[in-house]
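The structure appears right after this line, and notes come after that.
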Amino acid sequence: MRDIIAKSLTTVTGLVVGSYLATHAVRSADHLPSSLGRSRCDHCDVPLGALSTIPILSYVTHRGRCQDCDGKIDPIHLIGEVTGGLLAAIVAFSPVAGAARAWLAVMALVLLATSLIDLKTQRLPDVLTGIALIAAVGLQWPNGSVSLEVGFAAALVTAVCLSVVRLLGEILRERPGLGWGDVKLASVLALWLGLATPWMLVIASGLGLVVMSLWRPKTGRLPFGPFLALGAFTVGLGLQTGLWSNAL
Ligand SMILES: [Zn+2]
């Protein structure tokens, strides 16, 4: 019973953290400092009441609008809250245990943060990619030196291949489809995934193509970070839980 309560509390914490990360992403886009103070409306800057800060529930009951100015609340807040809660529940209820669970939680948090920032600013901050690198090493470490070496090789091959794709995009098109931030993040995630790296790229590209066929962003450029994050977390979770094997 205590275990279920602890896991449920972790899920609620994920909702709250996801909410904070979404607010940080919105403020990053407006070049505003991310504050730990009281939450405010993105339109009229009025401080939100306690009921208006309850993740998911406040968005649904207010029908996505501010109670004061009726401004449309950016749906990224709901995306951050739902995804944060979902990721926390997956990590808490998964059979992954010990240090691996802690590193998986760090990886999930970093992937969510960088995806939300990419959605708002079309940038993947190097500092978050750096933390993902540390988490990738932490997740590979228990698998032994051979797996770690394969991981580094996969990271190097991914970096070279995606750099070529990026440079070809620059030569053949006015705007390259892939950003350097995507190349760096994918290479770091390859260190975690090793031989399963191609599956991350297949899932990310496939989902990206599906979304692009349904919805074309105003800027004409779809942020690729969230797709890389989703592909990597799906494959990585399979590896950590033993559903997917990278055995040599
Ligand atoms: Zn407002």
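Quick note on naming: the chains in the structure tokens go A, B, ... in the order shown, residues restart at 1 in each chain, and ligands are numbered from 1 in order of appearance.
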Contacts of ligand 1, 6 Å or closer, only C-alpha atoms and all ligand atoms, given as JSON, numbers by chain: {"A": [41, 43, 44, 66, 68, 69, 71]}
Dump of N, CA, C and O atoms for the selected residues, as a PDB file, in the first residue's frame:
```pdb
ATOM      1  N   CYS A  41      -0.728  34.646 -15.588  1.00  0.00           N
ATOM      2  CA  CYS A  41      -1.287  34.463 -16.930  1.00  0.00           C
ATOM      3  C   CYS A  41      -0.248  34.926 -17.952  1.00  0.00           C
ATOM      4  O   CYS A  41       0.391  35.960 -17.765  1.00  0.00           O
ATOM      5  N   HIS A  43      -0.846  36.145 -20.763  1.00  0.00           N
ATOM      6  CA  HIS A  43      -1.367  37.308 -21.501  1.00  0.00           C
ATOM      7  C   HIS A  43      -1.386  38.566 -20.642  1.00  0.00           C
ATOM      8  O   HIS A  43      -0.758  39.560 -20.960  1.00  0.00           O
ATOM      9  N   CYS A  44      -2.174  38.509 -19.529  1.00  0.00           N
ATOM     10  CA  CYS A  44      -2.388  39.728 -18.733  1.00  0.00           C
ATOM     11  C   CYS A  44      -1.475  39.812 -17.516  1.00  0.00           C
ATOM     12  O   CYS A  44      -1.507  40.804 -16.794  1.00  0.00           O
ATOM     13  N   CYS A  66      -7.933  32.159 -19.847  1.00  0.00           N
ATOM     14  CA  CYS A  66      -7.656  32.852 -18.585  1.00  0.00           C
ATOM     15  C   CYS A  66      -8.967  33.368 -18.007  1.00  0.00           C
ATOM     16  O   CYS A  66      -9.799  33.899 -18.748  1.00  0.00           O
ATOM     17  N   ASP A  68      -9.360  35.899 -16.095  1.00  0.00           N
ATOM     18  CA  ASP A  68      -9.378  37.369 -16.009  1.00  0.00           C
ATOM     19  C   ASP A  68      -9.524  38.036 -17.371  1.00  0.00           C
ATOM     20  O   ASP A  68     -10.381  38.884 -17.569  1.00  0.00           O
ATOM     21  N   CYS A  69      -8.645  37.654 -18.333  1.00  0.00           N
ATOM     22  CA  CYS A  69      -8.643  38.381 -19.619  1.00  0.00           C
ATOM     23  C   CYS A  69      -9.243  37.548 -20.747  1.00  0.00           C
ATOM     24  O   CYS A  69      -9.350  38.030 -21.867  1.00  0.00           O
ATOM     25  N   GLY A  71      -7.905  35.355 -22.367  1.00  0.00           N
ATOM     26  CA  GLY A  71      -6.869  35.005 -23.348  1.00  0.00           C
ATOM     27  C   GLY A  71      -6.701  33.498 -23.417  1.00  0.00           C
ATOM     28  O   GLY A  71      -6.879  32.803 -22.416  1.00  0.00           O
TER      29      GLY A  71
END
```
message: At a cut-off of 8 Å, using only C-alpha atoms, what residues contact range 194-198 of chain A? Leave out same-chain residues fewer than 3 positions from it and give the result as a ChimeraX atom specification.
response: /A:147,150-155,189-191,201-202,232,235,246
- prompt: Of the residues A:Ile134, A:Met1, A:Ile79, A:Ile90, which is the one nearest to Gly238 in chain A, using only C-alpha atoms?
  reply: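 Of all the options, A:Ile90 lies closest to Gly238 in chain A.
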task: Just list the residues in range 26-248 of chain A DSSP gives strand (DSSP E or B) on the backbone, as an NGL selection string.
output: :A and (40 or 47 or 65 or 72)
Next, the residues of the selection above should be written as a PDB file, in the first residue's frame with N, CA and C atoms.
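So the final result, stored in selection.pdb, reads:
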```
ATOM      1  N   ARG A  40       1.611  33.111 -13.254  1.00  0.00           N
ATOM      2  CA  ARG A  40       0.868  34.241 -13.808  1.00  0.00           C
ATOM      3  C   ARG A  40       0.311  33.896 -15.181  1.00  0.00           C
ATOM      4  N   PRO A  47      -1.508  37.357 -11.380  1.00  0.00           N
ATOM      5  CA  PRO A  47      -1.160  36.129 -10.639  1.00  0.00           C
ATOM      6  C   PRO A  47      -2.349  35.179 -10.596  1.00  0.00           C
ATOM      7  N   ARG A  65      -8.816  28.877 -21.149  1.00  0.00           N
ATOM      8  CA  ARG A  65      -8.812  30.348 -21.222  1.00  0.00           C
ATOM      9  C   ARG A  65      -8.546  30.953 -19.849  1.00  0.00           C
ATOM     10  N   LYS A  72      -6.372  33.007 -24.632  1.00  0.00           N
ATOM     11  CA  LYS A  72      -6.203  31.549 -24.812  1.00  0.00           C
ATOM     12  C   LYS A  72      -4.906  31.097 -24.131  1.00  0.00           C
TER      13      LYS A  72
END
```
Residues near Leu207 in chain A, cut-off 12 Å, only C-alpha atoms, skip fewer than 6 positions along chain, as a list in words: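 Listing them by chain and then by number gives Met200, Leu201, Ser213, Leu214, Leu222, Pro223, Phe224, Gly225, Pro226, Phe227, Leu228, Ala229, Leu230 and Gly231 of chain A.
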message: Please report the interatomic distance between CA of Ile171 in chain A and CA of Lys218 in chain A in Å with one decimal.
response: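 CA of Ile171 in chain A sits 23.2 Å away from CA of Lys218 in chain A.
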message: Set the distance at 7 Å and use only C-alpha atoms: which residues neighbour Thr11 in chain A once local chain neighbours fewer than 2 positions away are removed? I'd like the list as a PyMOL selection string.
response: chain A and resi 7-9+13-15+85+88-89
- prompt: Any idea what's packed within 10 Å of Gly177 in chain A, counting only C-alpha atoms, ignoring anything in its chain fewer than 2 positions away? Could you give it as an NGL selection string?
  reply: :A and (165-170 or 173-175 or 179 or 182 or 220-224)
message: Rounded to one decimal, what separation in Å do you get between CA of Ala92 in chain A and CA of Gly18 in chain A?
response: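 Interatomic distance here is 15.4 Å.
As for CA of Ala50 in chain A and CA of Phe93 in chain A, they are spaced 29.1 Å apart.
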- request: Name the residues in contact with Ser39 in chain A at a cut-off of 12 Å, using only C-alpha atoms, excluding same-chain residues fewer than 6 positions from it; report them as a list of chain:residue names.
  value: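 Non-adjacent residues within range: A:Val16, A:Ser19, A:Tyr20, A:Ala22, A:Thr23, A:His24, A:Arg27, A:Asp45, A:Val46, A:Pro47, A:Leu48, A:Gly49, A:Ala50, A:Leu51, A:Ser52, A:Thr53, A:Ile54, A:Pro55, A:His77.
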Output C-alpha atoms for every residue in the selection just made, as a PDB file, in the first residue's frame.
```pdb
ATOM      1  CA  VAL A  16       3.686  19.663 -11.230  1.00  0.00           C
ATOM      2  CA  SER A  19       3.704  22.320 -15.494  1.00  0.00           C
ATOM      3  CA  TYR A  20       6.792  24.242 -14.314  1.00  0.00           C
ATOM      4  CA  ALA A  22       6.088  24.251 -19.735  1.00  0.00           C
ATOM      5  CA  THR A  23       5.973  27.675 -18.028  1.00  0.00           C
ATOM      6  CA  HIS A  24       9.773  27.878 -18.289  1.00  0.00           C
ATOM      7  CA  ARG A  27       9.004  32.330 -20.736  1.00  0.00           C
ATOM      8  CA  ASP A  45       0.316  38.771 -16.184  1.00  0.00           C
ATOM      9  CA  VAL A  46      -2.300  38.539 -13.413  1.00  0.00           C
ATOM     10  CA  PRO A  47      -1.160  36.129 -10.639  1.00  0.00           C
ATOM     11  CA  LEU A  48      -3.173  32.903 -10.814  1.00  0.00           C
ATOM     12  CA  GLY A  49      -5.318  31.769  -7.882  1.00  0.00           C
ATOM     13  CA  ALA A  50      -4.645  28.426  -6.202  1.00  0.00           C
ATOM     14  CA  LEU A  51      -7.448  26.683  -8.162  1.00  0.00           C
ATOM     15  CA  SER A  52      -6.072  27.953 -11.483  1.00  0.00           C
ATOM     16  CA  THR A  53      -2.703  26.299 -10.866  1.00  0.00           C
ATOM     17  CA  ILE A  54      -3.995  22.725 -10.432  1.00  0.00           C
ATOM     18  CA  PRO A  55      -2.403  20.800 -13.343  1.00  0.00           C
ATOM     19  CA  HIS A  77       0.972  23.963 -20.487  1.00  0.00           C
TER      20      HIS A  77
END
```
Residue nearest Pro217 in chain A among A:Gln140, A:Gln122, A:Ser28, A:Gln240 (counting only C-alpha atoms): A:Gln122
task: Would you list, as a PyMOL selection string, the residues of range 6-38 of chain A that end up in alpha helix (DSSP H) under DSSP run on this structure's backbone?
output: chain A and resi 6-29
task: Determine, counting only C-alpha atoms, which protein, DNA and RNA residues have an atom within 9 Å of an atom of Val17 in chain A; residues of the same chain fewer than 6 positions away are not included. Present the result as a PyMOL selection string.
output: chain A and resi 80-81+84-85+109
